[in-house]
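Reproduced below: coords14.json, with JSON, C-alpha atoms.
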```json
[["chain", "number", "residue", "atom", "x", "y", "z"],
["G", 29, "MET", "CA", 118.32, -102.05, 129.72],
["G", 30, "ASP", "CA", 115.31, -99.76, 129.11],
["G", 31, "GLN", "CA", 111.94, -99.77, 130.82],
["G", 32, "GLN", "CA", 110.22, -101.62, 127.98],
["G", 33, "THR", "CA", 112.76, -104.44, 128.12],
["G", 34, "ILE", "CA", 112.28, -104.75, 131.89],
["G", 35, "ILE", "CA", 108.50, -105.00, 131.42],
["G", 36, "GLU", "CA", 108.95, -107.64, 128.72],
["G", 37, "ALA", "CA", 111.28, -109.62, 131.00],
["G", 38, "LEU", "CA", 108.75, -109.40, 133.85],
["G", 39, "ILE", "CA", 105.97, -110.67, 131.59],
["G", 40, "LEU", "CA", 108.05, -113.50, 130.16],
["G", 41, "GLY", "CA", 109.33, -114.51, 133.61],
["G", 42, "THR", "CA", 105.79, -114.69, 134.94],
["G", 43, "VAL", "CA", 104.69, -116.79, 131.97],
["G", 44, "GLU", "CA", 107.65, -119.14, 132.53],
["G", 45, "GLY", "CA", 106.79, -119.67, 136.19],
["G", 46, "LEU", "CA", 103.08, -120.14, 135.53],
["G", 47, "THR", "CA", 103.52, -122.61, 132.67],
["G", 48, "GLU", "CA", 106.67, -124.62, 133.50],
["G", 49, "PHE", "CA", 105.00, -127.29, 135.61],
["G", 50, "ILE", "CA", 101.64, -127.52, 133.86],
["G", 51, "PRO", "CA", 101.32, -129.47, 130.59],
["G", 52, "VAL", "CA", 101.11, -126.48, 128.24],
["G", 53, "SER", "CA", 104.80, -125.96, 127.26],
["G", 54, "SER", "CA", 106.50, -123.02, 128.94],
["G", 55, "THR", "CA", 109.12, -122.83, 126.17],
["G", 56, "GLY", "CA", 106.43, -122.75, 123.50],
["G", 57, "HIS", "CA", 104.63, -119.93, 125.29],
["G", 58, "LEU", "CA", 107.84, -117.95, 125.80],
["G", 59, "LEU", "CA", 108.97, -118.30, 122.19],
["G", 60, "LEU", "CA", 105.56, -117.38, 120.77],
["G", 61, "LEU", "CA", 105.14, -114.43, 123.12],
["G", 62, "GLY", "CA", 108.68, -113.25, 122.44],
["G", 63, "HIS", "CA", 108.04, -113.48, 118.71],
["G", 64, "PHE", "CA", 104.92, -111.33, 118.82],
["G", 65, "ILE", "CA", 106.21, -108.67, 121.23],
["G", 66, "GLY", "CA", 109.53, -108.46, 119.42],
["G", 67, "PHE", "CA", 111.66, -109.70, 122.31],
["G", 68, "ASP", "CA", 114.97, -111.06, 121.01],
["G", 69, "ASN", "CA", 118.07, -112.34, 122.77],
["G", 70, "PRO", "CA", 121.29, -114.00, 121.61],
["G", 71, "GLY", "CA", 120.90, -117.72, 121.07],
["G", 72, "LYS", "CA", 117.45, -117.73, 122.68],
["G", 73, "THR", "CA", 119.24, -117.99, 126.03],
["G", 74, "PHE", "CA", 116.70, -116.01, 128.05],
["G", 75, "GLU", "CA", 114.00, -118.66, 127.63],
["G", 76, "VAL", "CA", 116.25, -121.38, 129.05],
["G", 77, "LEU", "CA", 118.20, -119.48, 131.68],
["G", 78, "ILE", "CA", 115.18, -118.04, 133.51],
["G", 79, "GLN", "CA", 114.17, -121.65, 134.18],
["G", 80, "LEU", "CA", 116.56, -121.40, 137.12],
["G", 81, "GLY", "CA", 113.81, -119.45, 138.88],
["G", 82, "SER", "CA", 111.38, -122.31, 138.35],
["G", 83, "ILE", "CA", 114.01, -124.83, 139.50],
["G", 84, "LEU", "CA", 114.48, -122.93, 142.75],
["G", 85, "ALA", "CA", 110.71, -122.66, 143.14],
["G", 86, "ILE", "CA", 110.26, -126.43, 143.15],
["G", 87, "LEU", "CA", 113.34, -126.88, 145.36],
["G", 88, "SER", "CA", 111.89, -124.47, 147.93],
["G", 89, "VAL", "CA", 108.49, -126.19, 147.98],
["G", 90, "TYR", "CA", 110.01, -129.69, 148.17],
["G", 91, "PHE", "CA", 112.96, -128.78, 150.38],
["G", 92, "ALA", "CA", 111.92, -130.84, 153.41],
["G", 93, "ARG", "CA", 111.24, -133.91, 151.31],
["G", 94, "LEU", "CA", 114.47, -133.53, 149.36],
["G", 95, "TRP", "CA", 116.45, -133.06, 152.55],
["G", 96, "HIS", "CA", 114.96, -136.22, 154.05],
["G", 97, "LEU", "CA", 115.74, -138.06, 150.83],
["G", 98, "ALA", "CA", 119.36, -136.86, 150.90],
["G", 99, "ILE", "CA", 120.09, -137.78, 154.52],
["G", 100, "SER", "CA", 118.40, -141.17, 154.21],
["G", 101, "LEU", "CA", 120.34, -142.27, 151.10],
["G", 102, "PRO", "CA", 123.12, -144.11, 152.99],
["G", 103, "SER", "CA", 120.73, -146.15, 155.11],
["G", 104, "ASP", "CA", 117.41, -146.43, 153.23],
["G", 105, "PRO", "CA", 117.20, -148.73, 150.16],
["G", 106, "ARG", "CA", 113.90, -147.11, 149.15],
["G", 107, "SER", "CA", 115.55, -143.70, 148.90],
["G", 108, "ARG", "CA", 118.41, -145.09, 146.83],
["G", 109, "TYR", "CA", 115.91, -146.85, 144.58],
["G", 110, "PHE", "CA", 113.96, -143.63, 143.99],
["G", 111, "VAL", "CA", 117.06, -141.55, 143.25],
["G", 112, "ALA", "CA", 118.26, -144.24, 140.83],
["G", 113, "GLY", "CA", 114.85, -144.10, 139.14],
["G", 114, "ILE", "CA", 115.06, -140.33, 138.71],
["G", 115, "LEU", "CA", 118.57, -140.57, 137.25],
["G", 116, "LEU", "CA", 117.49, -143.35, 134.89],
["G", 117, "ALA", "CA", 114.55, -141.24, 133.68],
["G", 118, "PHE", "CA", 116.85, -138.23, 133.23],
["G", 119, "MET", "CA", 119.43, -140.00, 131.05],
["G", 120, "PRO", "CA", 117.59, -140.09, 127.66],
["G", 121, "ALA", "CA", 116.97, -136.34, 127.67],
["G", 122, "ALA", "CA", 120.52, -135.67, 128.88],
["G", 123, "VAL", "CA", 122.08, -137.63, 126.02],
["G", 124, "ILE", "CA", 119.83, -136.28, 123.26],
["G", 125, "GLY", "CA", 119.95, -132.73, 124.62],
["G", 126, "PHE", "CA", 123.75, -132.75, 124.67],
["G", 127, "PHE", "CA", 124.19, -133.99, 121.12],
["G", 128, "ALA", "CA", 121.23, -132.18, 119.51],
["G", 129, "HIS", "CA", 121.54, -128.85, 121.37],
["G", 130, "GLY", "CA", 122.60, -126.87, 118.29],
["G", 131, "PHE", "CA", 119.81, -128.22, 116.08],
["G", 132, "ILE", "CA", 117.17, -127.65, 118.76],
["G", 133, "LYS", "CA", 118.14, -124.02, 119.35],
["G", 134, "ALA", "CA", 118.93, -123.06, 115.73],
["G", 135, "VAL", "CA", 116.05, -124.82, 113.98],
["G", 136, "LEU", "CA", 113.22, -125.88, 116.29],
["G", 137, "PHE", "CA", 113.29, -122.76, 118.49],
["G", 138, "GLU", "CA", 112.99, -120.57, 115.40],
["G", 139, "SER", "CA", 109.71, -121.97, 114.08],
["G", 140, "PRO", "CA", 106.57, -120.35, 115.53],
["G", 141, "ALA", "CA", 104.37, -122.39, 113.17],
["G", 142, "LEU", "CA", 105.86, -125.62, 114.56],
["G", 143, "ILE", "CA", 105.14, -124.43, 118.11],
["G", 144, "CYS", "CA", 101.50, -123.65, 117.26],
["G", 145, "SER", "CA", 101.12, -127.08, 115.66],
["G", 146, "THR", "CA", 102.56, -128.96, 118.64],
["G", 147, "LEU", "CA", 100.40, -126.95, 121.04],
["G", 148, "LEU", "CA", 97.29, -127.96, 119.11],
["G", 149, "VAL", "CA", 98.23, -131.61, 118.75],
["G", 150, "GLY", "CA", 99.25, -131.82, 122.40],
["G", 151, "GLY", "CA", 95.94, -130.30, 123.47],
["G", 152, "VAL", "CA", 93.98, -132.89, 121.52],
["G", 153, "ILE", "CA", 96.09, -135.71, 123.01],
["G", 154, "LEU", "CA", 95.55, -134.37, 126.54],
["G", 155, "LEU", "CA", 91.78, -134.29, 125.98],
["G", 156, "TRP", "CA", 91.87, -137.85, 124.70],
["G", 157, "VAL", "CA", 93.96, -139.17, 127.60],
["G", 158, "ASP", "CA", 91.86, -137.30, 130.16],
["G", 159, "ARG", "CA", 88.73, -139.05, 128.90],
["G", 160, "LEU", "CA", 90.20, -142.56, 128.89],
["G", 161, "ASP", "CA", 88.96, -144.97, 131.55],
["G", 162, "LEU", "CA", 92.43, -145.79, 132.81],
["G", 163, "LYS", "CA", 93.01, -148.21, 135.68],
["G", 164, "PRO", "CA", 96.04, -146.96, 137.64],
["G", 165, "ARG", "CA", 98.40, -149.63, 138.98],
["G", 166, "TYR", "CA", 101.09, -147.35, 140.43],
["G", 167, "HIS", "CA", 100.38, -144.72, 143.07],
["G", 168, "ASP", "CA", 103.65, -144.33, 145.00],
["G", 169, "VAL", "CA", 106.05, -142.17, 143.01],
["G", 170, "THR", "CA", 109.03, -143.56, 144.93],
["G", 171, "GLN", "CA", 108.26, -147.18, 144.02],
["G", 172, "TYR", "CA", 107.60, -147.19, 140.29],
["G", 173, "PRO", "CA", 109.23, -150.14, 138.46],
["G", 174, "MET", "CA", 112.55, -149.20, 136.85],
["G", 175, "ARG", "CA", 111.12, -149.84, 133.40],
["G", 176, "LEU", "CA", 108.43, -147.25, 134.15],
["G", 177, "TYR", "CA", 110.99, -144.64, 135.21],
["G", 178, "PHE", "CA", 112.91, -145.24, 131.99],
["G", 179, "GLY", "CA", 109.74, -145.16, 129.87],
["G", 180, "ILE", "CA", 108.77, -141.80, 131.34],
["G", 181, "GLY", "CA", 112.28, -140.57, 130.59],
["G", 182, "LEU", "CA", 111.91, -141.61, 126.95],
["G", 183, "CYS", "CA", 108.62, -139.71, 126.78],
["G", 184, "GLN", "CA", 110.37, -136.62, 128.12],
["G", 185, "THR", "CA", 112.65, -136.51, 125.07],
["G", 186, "LEU", "CA", 109.63, -135.53, 122.97],
["G", 187, "ALA", "CA", 109.73, -132.18, 124.75],
["G", 188, "MET", "CA", 112.93, -131.30, 122.88],
["G", 189, "VAL", "CA", 110.43, -130.01, 120.32],
["G", 190, "PRO", "CA", 109.11, -126.67, 121.64],
["G", 191, "GLY", "CA", 105.38, -126.70, 122.22],
["G", 192, "VAL", "CA", 105.27, -130.38, 123.19],
["G", 193, "SER", "CA", 105.73, -129.65, 126.93],
["G", 194, "ARG", "CA", 108.14, -131.47, 129.21],
["G", 195, "SER", "CA", 105.55, -131.93, 131.94],
["G", 196, "GLY", "CA", 102.88, -132.84, 129.39],
["G", 197, "SER", "CA", 104.94, -135.58, 127.73],
["G", 198, "THR", "CA", 106.02, -137.10, 131.05],
["G", 199, "ILE", "CA", 102.54, -136.97, 132.59],
["G", 200, "VAL", "CA", 100.79, -138.43, 129.53],
["G", 201, "GLY", "CA", 103.42, -141.15, 129.22],
["G", 202, "ALA", "CA", 103.13, -142.01, 132.91],
["G", 203, "LEU", "CA", 99.32, -142.19, 132.76],
["G", 204, "LEU", "CA", 99.35, -144.47, 129.71],
["G", 205, "MET", "CA", 101.85, -146.74, 131.47],
["G", 206, "GLY", "CA", 99.65, -147.16, 134.55],
["G", 207, "THR", "CA", 100.17, -144.35, 137.08],
["G", 208, "ASP", "CA", 97.47, -142.25, 138.70],
["G", 209, "LYS", "CA", 97.19, -138.54, 137.87],
["G", 210, "ARG", "CA", 98.60, -137.18, 141.11],
["G", 211, "SER", "CA", 101.73, -139.33, 141.18],
["G", 212, "ALA", "CA", 102.31, -138.71, 137.45],
["G", 213, "ALA", "CA", 102.34, -134.96, 138.07],
["G", 214, "GLU", "CA", 104.50, -135.39, 141.17],
["G", 215, "PHE", "CA", 107.13, -137.46, 139.36],
["G", 216, "SER", "CA", 107.16, -134.81, 136.64],
["G", 217, "PHE", "CA", 108.18, -132.33, 139.39],
["G", 218, "PHE", "CA", 111.04, -134.54, 140.57],
["G", 219, "LEU", "CA", 112.26, -135.24, 137.03],
["G", 220, "ALA", "CA", 112.15, -131.52, 136.26],
["G", 221, "MET", "CA", 114.93, -130.81, 138.77],
["G", 222, "PRO", "CA", 117.85, -132.57, 137.04],
["G", 223, "THR", "CA", 116.43, -131.97, 133.56],
["G", 224, "MET", "CA", 116.01, -128.21, 133.92],
["G", 225, "ALA", "CA", 119.25, -127.85, 135.86],
["G", 226, "GLY", "CA", 121.09, -129.72, 133.10],
["G", 227, "ALA", "CA", 119.50, -127.61, 130.36],
["G", 228, "PHE", "CA", 120.38, -124.45, 132.28],
["G", 229, "ALA", "CA", 124.02, -125.46, 132.75],
["G", 230, "LEU", "CA", 124.46, -126.58, 129.13],
["G", 231, "ASP", "CA", 122.86, -123.44, 127.69],
["G", 232, "LEU", "CA", 124.89, -121.16, 129.95],
["G", 233, "PHE", "CA", 128.11, -122.91, 128.88],
["G", 234, "LYS", "CA", 127.26, -122.95, 125.17],
["G", 235, "ASN", "CA", 126.31, -119.26, 125.12],
["G", 236, "ARG", "CA", 128.80, -117.86, 127.63],
["G", 237, "ASP", "CA", 130.45, -115.70, 124.95],
["G", 238, "LEU", "CA", 127.14, -114.21, 123.77],
["G", 239, "LEU", "CA", 125.98, -112.88, 127.14],
["G", 240, "SER", "CA", 126.61, -109.32, 128.32],
["G", 241, "MET", "CA", 125.91, -107.67, 131.67],
["G", 242, "ASP", "CA", 122.69, -106.22, 130.24],
["G", 243, "ASP", "CA", 121.61, -109.74, 129.27],
["G", 244, "MET", "CA", 122.33, -111.01, 132.78],
["G", 245, "ALA", "CA", 120.30, -108.16, 134.29],
["G", 246, "ILE", "CA", 117.31, -109.03, 132.08],
["G", 247, "ILE", "CA", 117.69, -112.71, 132.94],
["G", 248, "ALA", "CA", 117.76, -111.83, 136.65],
["G", 249, "VAL", "CA", 114.43, -109.98, 136.30],
["G", 250, "GLY", "CA", 112.88, -112.97, 134.54],
["G", 251, "PHE", "CA", 114.39, -115.34, 137.07],
["G", 252, "VAL", "CA", 112.80, -113.59, 140.07],
["G", 253, "THR", "CA", 109.33, -113.44, 138.53],
["G", 254, "ALA", "CA", 109.60, -117.07, 137.35],
["G", 255, "PHE", "CA", 110.48, -118.12, 140.91],
["G", 256, "ILE", "CA", 107.47, -116.36, 142.45],
["G", 257, "ALA", "CA", 105.01, -117.64, 139.86],
["G", 258, "GLY", "CA", 106.52, -121.15, 140.01],
["G", 259, "VAL", "CA", 106.02, -121.42, 143.78],
["G", 260, "VAL", "CA", 102.33, -120.56, 143.36],
["G", 261, "VAL", "CA", 101.82, -123.20, 140.65],
["G", 262, "VAL", "CA", 103.73, -126.02, 142.40],
["G", 263, "ARG", "CA", 101.73, -125.53, 145.62],
["G", 264, "TRP", "CA", 98.44, -125.61, 143.70],
["G", 265, "LEU", "CA", 98.86, -128.07, 140.86],
["G", 266, "LEU", "CA", 98.81, -131.53, 142.46],
["G", 267, "ASN", "CA", 95.49, -131.08, 144.23],
["G", 268, "TYR", "CA", 93.93, -129.51, 141.13],
["G", 269, "VAL", "CA", 95.05, -132.34, 138.85],
["G", 270, "ALA", "CA", 93.87, -135.02, 141.30],
["G", 271, "ARG", "CA", 90.39, -133.46, 141.40],
["G", 272, "HIS", "CA", 89.87, -132.08, 137.89],
["G", 273, "GLY", "CA", 92.31, -133.77, 135.51],
["G", 274, "PHE", "CA", 93.89, -132.02, 132.53],
["G", 275, "LYS", "CA", 90.92, -130.72, 130.53],
["G", 276, "LEU", "CA", 91.61, -127.05, 131.38],
["G", 277, "PHE", "CA", 95.20, -127.31, 130.19],
["G", 278, "ALA", "CA", 94.20, -129.15, 127.01],
["G", 279, "TRP", "CA", 91.75, -126.42, 125.96],
["G", 280, "TRP", "CA", 94.28, -123.74, 126.87],
["G", 281, "ARG", "CA", 96.83, -125.34, 124.53],
["G", 282, "ILE", "CA", 94.28, -125.48, 121.72],
["G", 283, "ILE", "CA", 93.26, -121.83, 122.23],
["G", 284, "VAL", "CA", 96.87, -120.60, 122.32],
["G", 285, "GLY", "CA", 97.79, -122.68, 119.27],
["G", 286, "LEU", "CA", 94.87, -121.31, 117.25],
["G", 287, "ALA", "CA", 95.59, -117.76, 118.45],
["G", 288, "GLY", "CA", 99.22, -118.21, 117.45],
["G", 289, "PHE", "CA", 98.30, -119.32, 113.93],
["G", 290, "ALA", "CA", 95.91, -116.38, 113.65],
["G", 291, "GLY", "CA", 98.66, -114.01, 114.77],
["G", 292, "LEU", "CA", 101.14, -115.47, 112.29],
["G", 293, "TYR", "CA", 98.60, -115.11, 109.48],
["G", 294, "LEU", "CA", 97.68, -111.52, 110.37],
["G", 295, "LEU", "CA", 100.99, -110.17, 111.64],
["G", 296, "GLY", "CA", 103.67, -112.48, 110.27]]
```

Structure translated into structure tokens:
Amino acid sequence: MDQQTIIEALILGTVEGLTEFIPVSSTGHLLLLGHFIGFDNPGKTFEVLIQLGSILAILSVYFARLWHLAISLPSDPRSRYFVAGILLAFMPAAVIGFFAHGFIKAVLFESPALICSTLLVGGVILLWVDRLDLKPRYHDVTQYPMRLYFGIGLCQTLAMVPGVSRSGSTIVGALLMGTDKRSAAEFSFFLAMPTMAGAFALDLFKNRDLLSMDDMAIIAVGFVTAFIAGVVVVRWLLNYVARHGFKLFAWWRIIVGLAGFAGLYLLG
């Protein structure tokens, strides 16, 4: 593991942590950036496995709330209802991710032009949704109707396509189905925990024979930087979204998508 590879892993880990929980597609950013800087890894495992840093970031920020949720499960129907809602929302992505894992990694992850396209389209959709005069009916993330939890889970499956954004698809879906911006972003955090943990476990199992000690060292570097950057974003995002909406993220997607197309045209 040379110095250049360490620097690349630091950069990519930081990008992962900064973009995982905002609606801009962390995977899309990582794959595009890796393409242009020449960073390659067996089976594209690095991009998925460093998500463990982001998972631990959100667990650390939400630890007190998660602990209260865990100890209240036996006695509190509201806690059981919320956990059931999270699991229901997780199931569509779990099923599709398990059966389509090979196609996603071998085909979709290898198409920079597709990523640029989905970044652009997603940016336009975010701008459109942010300007709608929506009338939120659901504000408490723990008391959404079960059909709403499941609907958000179906929306999350769109993020199997890199560049769509897991948080973006869940937040937009939640807003269109009647939630307010803050609770939509908050539920995206909660749903990220089982989804990212499942993707991490599946990718690690599928690619266990491809990984070497050097790969694990690079992943560890990316993991640490993703954790630090993820903590910063999780602590900041909810208040920002509640006050300012998603316009900043929409324009960022559009700029990155256009820059990506320009880079592909000029550099290949």

Give me, as an MDAnalysis selection string, all polymer residues having an atom no more than 12 Å from Tyr268 (chain G), counting only C-alpha atoms and skipping those fewer than 6 positions away in the same chain.
chainID G and resid 50 209:210 213 261:262 274:277

Looking at G:Gly285, G:Gly125, G:Pro173, G:Gly150, which one is nearest to Ala227 (chain G), with distances taken over all atoms listed in the file?
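When distances to Ala227 (chain G) are compared using all atoms listed in the file, the smallest one comes from G:Gly125.
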
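Restricting the calculation to only C-alpha atoms, the smallest distance between Ala220 (chain G) and any of G:Ser103, G:Ser82, G:Gln171, G:Asn267 is found for G:Ser82.
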
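Distance check against Ala187 (chain G) using only C-alpha atoms: of G:Ala92, G:Leu294, G:Ala278, G:Leu147, the minimum falls on G:Leu147.
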
For Asp158 (chain G), which residue out of G:Gly196, G:Phe215, G:Phe118, G:Val111 is the nearest one, using all atoms listed in the file?
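Of the candidates, the smallest distance to Asp158 (chain G) is held by G:Gly196.
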
Identify, on the basis of all atoms listed in the file, every residue whose closest approach to Tyr166 (chain G) does not exceed 7 Å; exclude the query and any residue fewer than 4 positions from it along the same chain; express the result as number ranges by chain.
G: 172, 206-208

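Candidate residues G:Ala270, G:Leu219, G:Val192, G:Met205 were compared for distance to Leu176 (chain G), and the nearest is G:Met205, using only C-alpha atoms.
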
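If all atoms listed in the file are the atoms counted, then among G:Met221, G:Leu203, G:Gly258, G:Leu136 the closest residue to Leu160 (chain G) is G:Leu203.
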
Report, in Å to a single decimal, how far apart CA of Cys183 (chain G) and CA of Val135 (chain G) are.
21.0 Å

When you look at Ile78 (chain G) with a cut-off of 10 Å (counting only C-alpha atoms), what residues show up, excluding the ones that are within fewer than 6 positions of it in the same chain? I need them as a compact mmCIF listing (two decimals) with C-alpha atoms, keeping the file's coordinate frame.
```txt
# COMPACT_ATOMS: atom_id res chain seq x y z
CA ALA G 37 111.28 -109.62 131.00
CA LEU G 40 108.05 -113.50 130.16
CA GLY G 41 109.33 -114.51 133.61
CA GLU G 44 107.65 -119.14 132.53
CA GLY G 45 106.79 -119.67 136.19
CA PHE G 228 120.38 -124.45 132.28
CA ILE G 246 117.31 -109.03 132.08
CA ILE G 247 117.69 -112.71 132.94
CA ALA G 248 117.76 -111.83 136.65
CA VAL G 249 114.43 -109.98 136.30
CA GLY G 250 112.88 -112.97 134.54
CA PHE G 251 114.39 -115.34 137.07
CA VAL G 252 112.80 -113.59 140.07
CA THR G 253 109.33 -113.44 138.53
CA ALA G 254 109.60 -117.07 137.35
CA PHE G 255 110.48 -118.12 140.91
```

Can you tell me how far CA of Ile34 (chain G) sits from CA of Ile65 (chain G), in Å to one decimal?
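Separation of CA of Ile34 (chain G) and CA of Ile65 (chain G): 12.9 Å.
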
Enter the distance from CA of Gly273 (chain G) to CA of Val260 (chain G), in Å, rounded to one decimal.
18.3 Å

Protein, DNA and RNA residues within 9 Å of (110.0, -135.8, 132.9), only C-alpha atoms, as a ChimeraX atom specification:
/G:114,117-118,121,180-185,187,194-199,215-220,223

To box region 136-155 of chain G, take all atoms listed in the file, fit an axis-aligned box, add 8 Å on each side, and give centre and edge lengths in Å to one decimal, as AutoDock Vina command-line options.
```
--center_x 102.5 --center_y -128.0 --center_z 119.9 --size_x 37.5 --size_y 31.4 --size_z 29.4
```

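Counting all atoms listed in the file, Ile283 (chain G) has the following residues at most 9 Å away, ignoring those fewer than 3 positions along the same chain: G:Leu147, G:Leu148, G:Gly151, G:Ala278, G:Trp279, G:Trp280, G:Leu286, G:Ala287, G:Gly288.
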
Show me, as JSON, numbers by chain, the residues that have an atom within 12 Å of Leu292 (chain G) when counting all atoms listed in the file, minus same-chain residues fewer than 5 positions from it.
{"G": [60, 61, 63, 64, 139, 140, 141, 142, 143, 144, 285, 286, 287]}
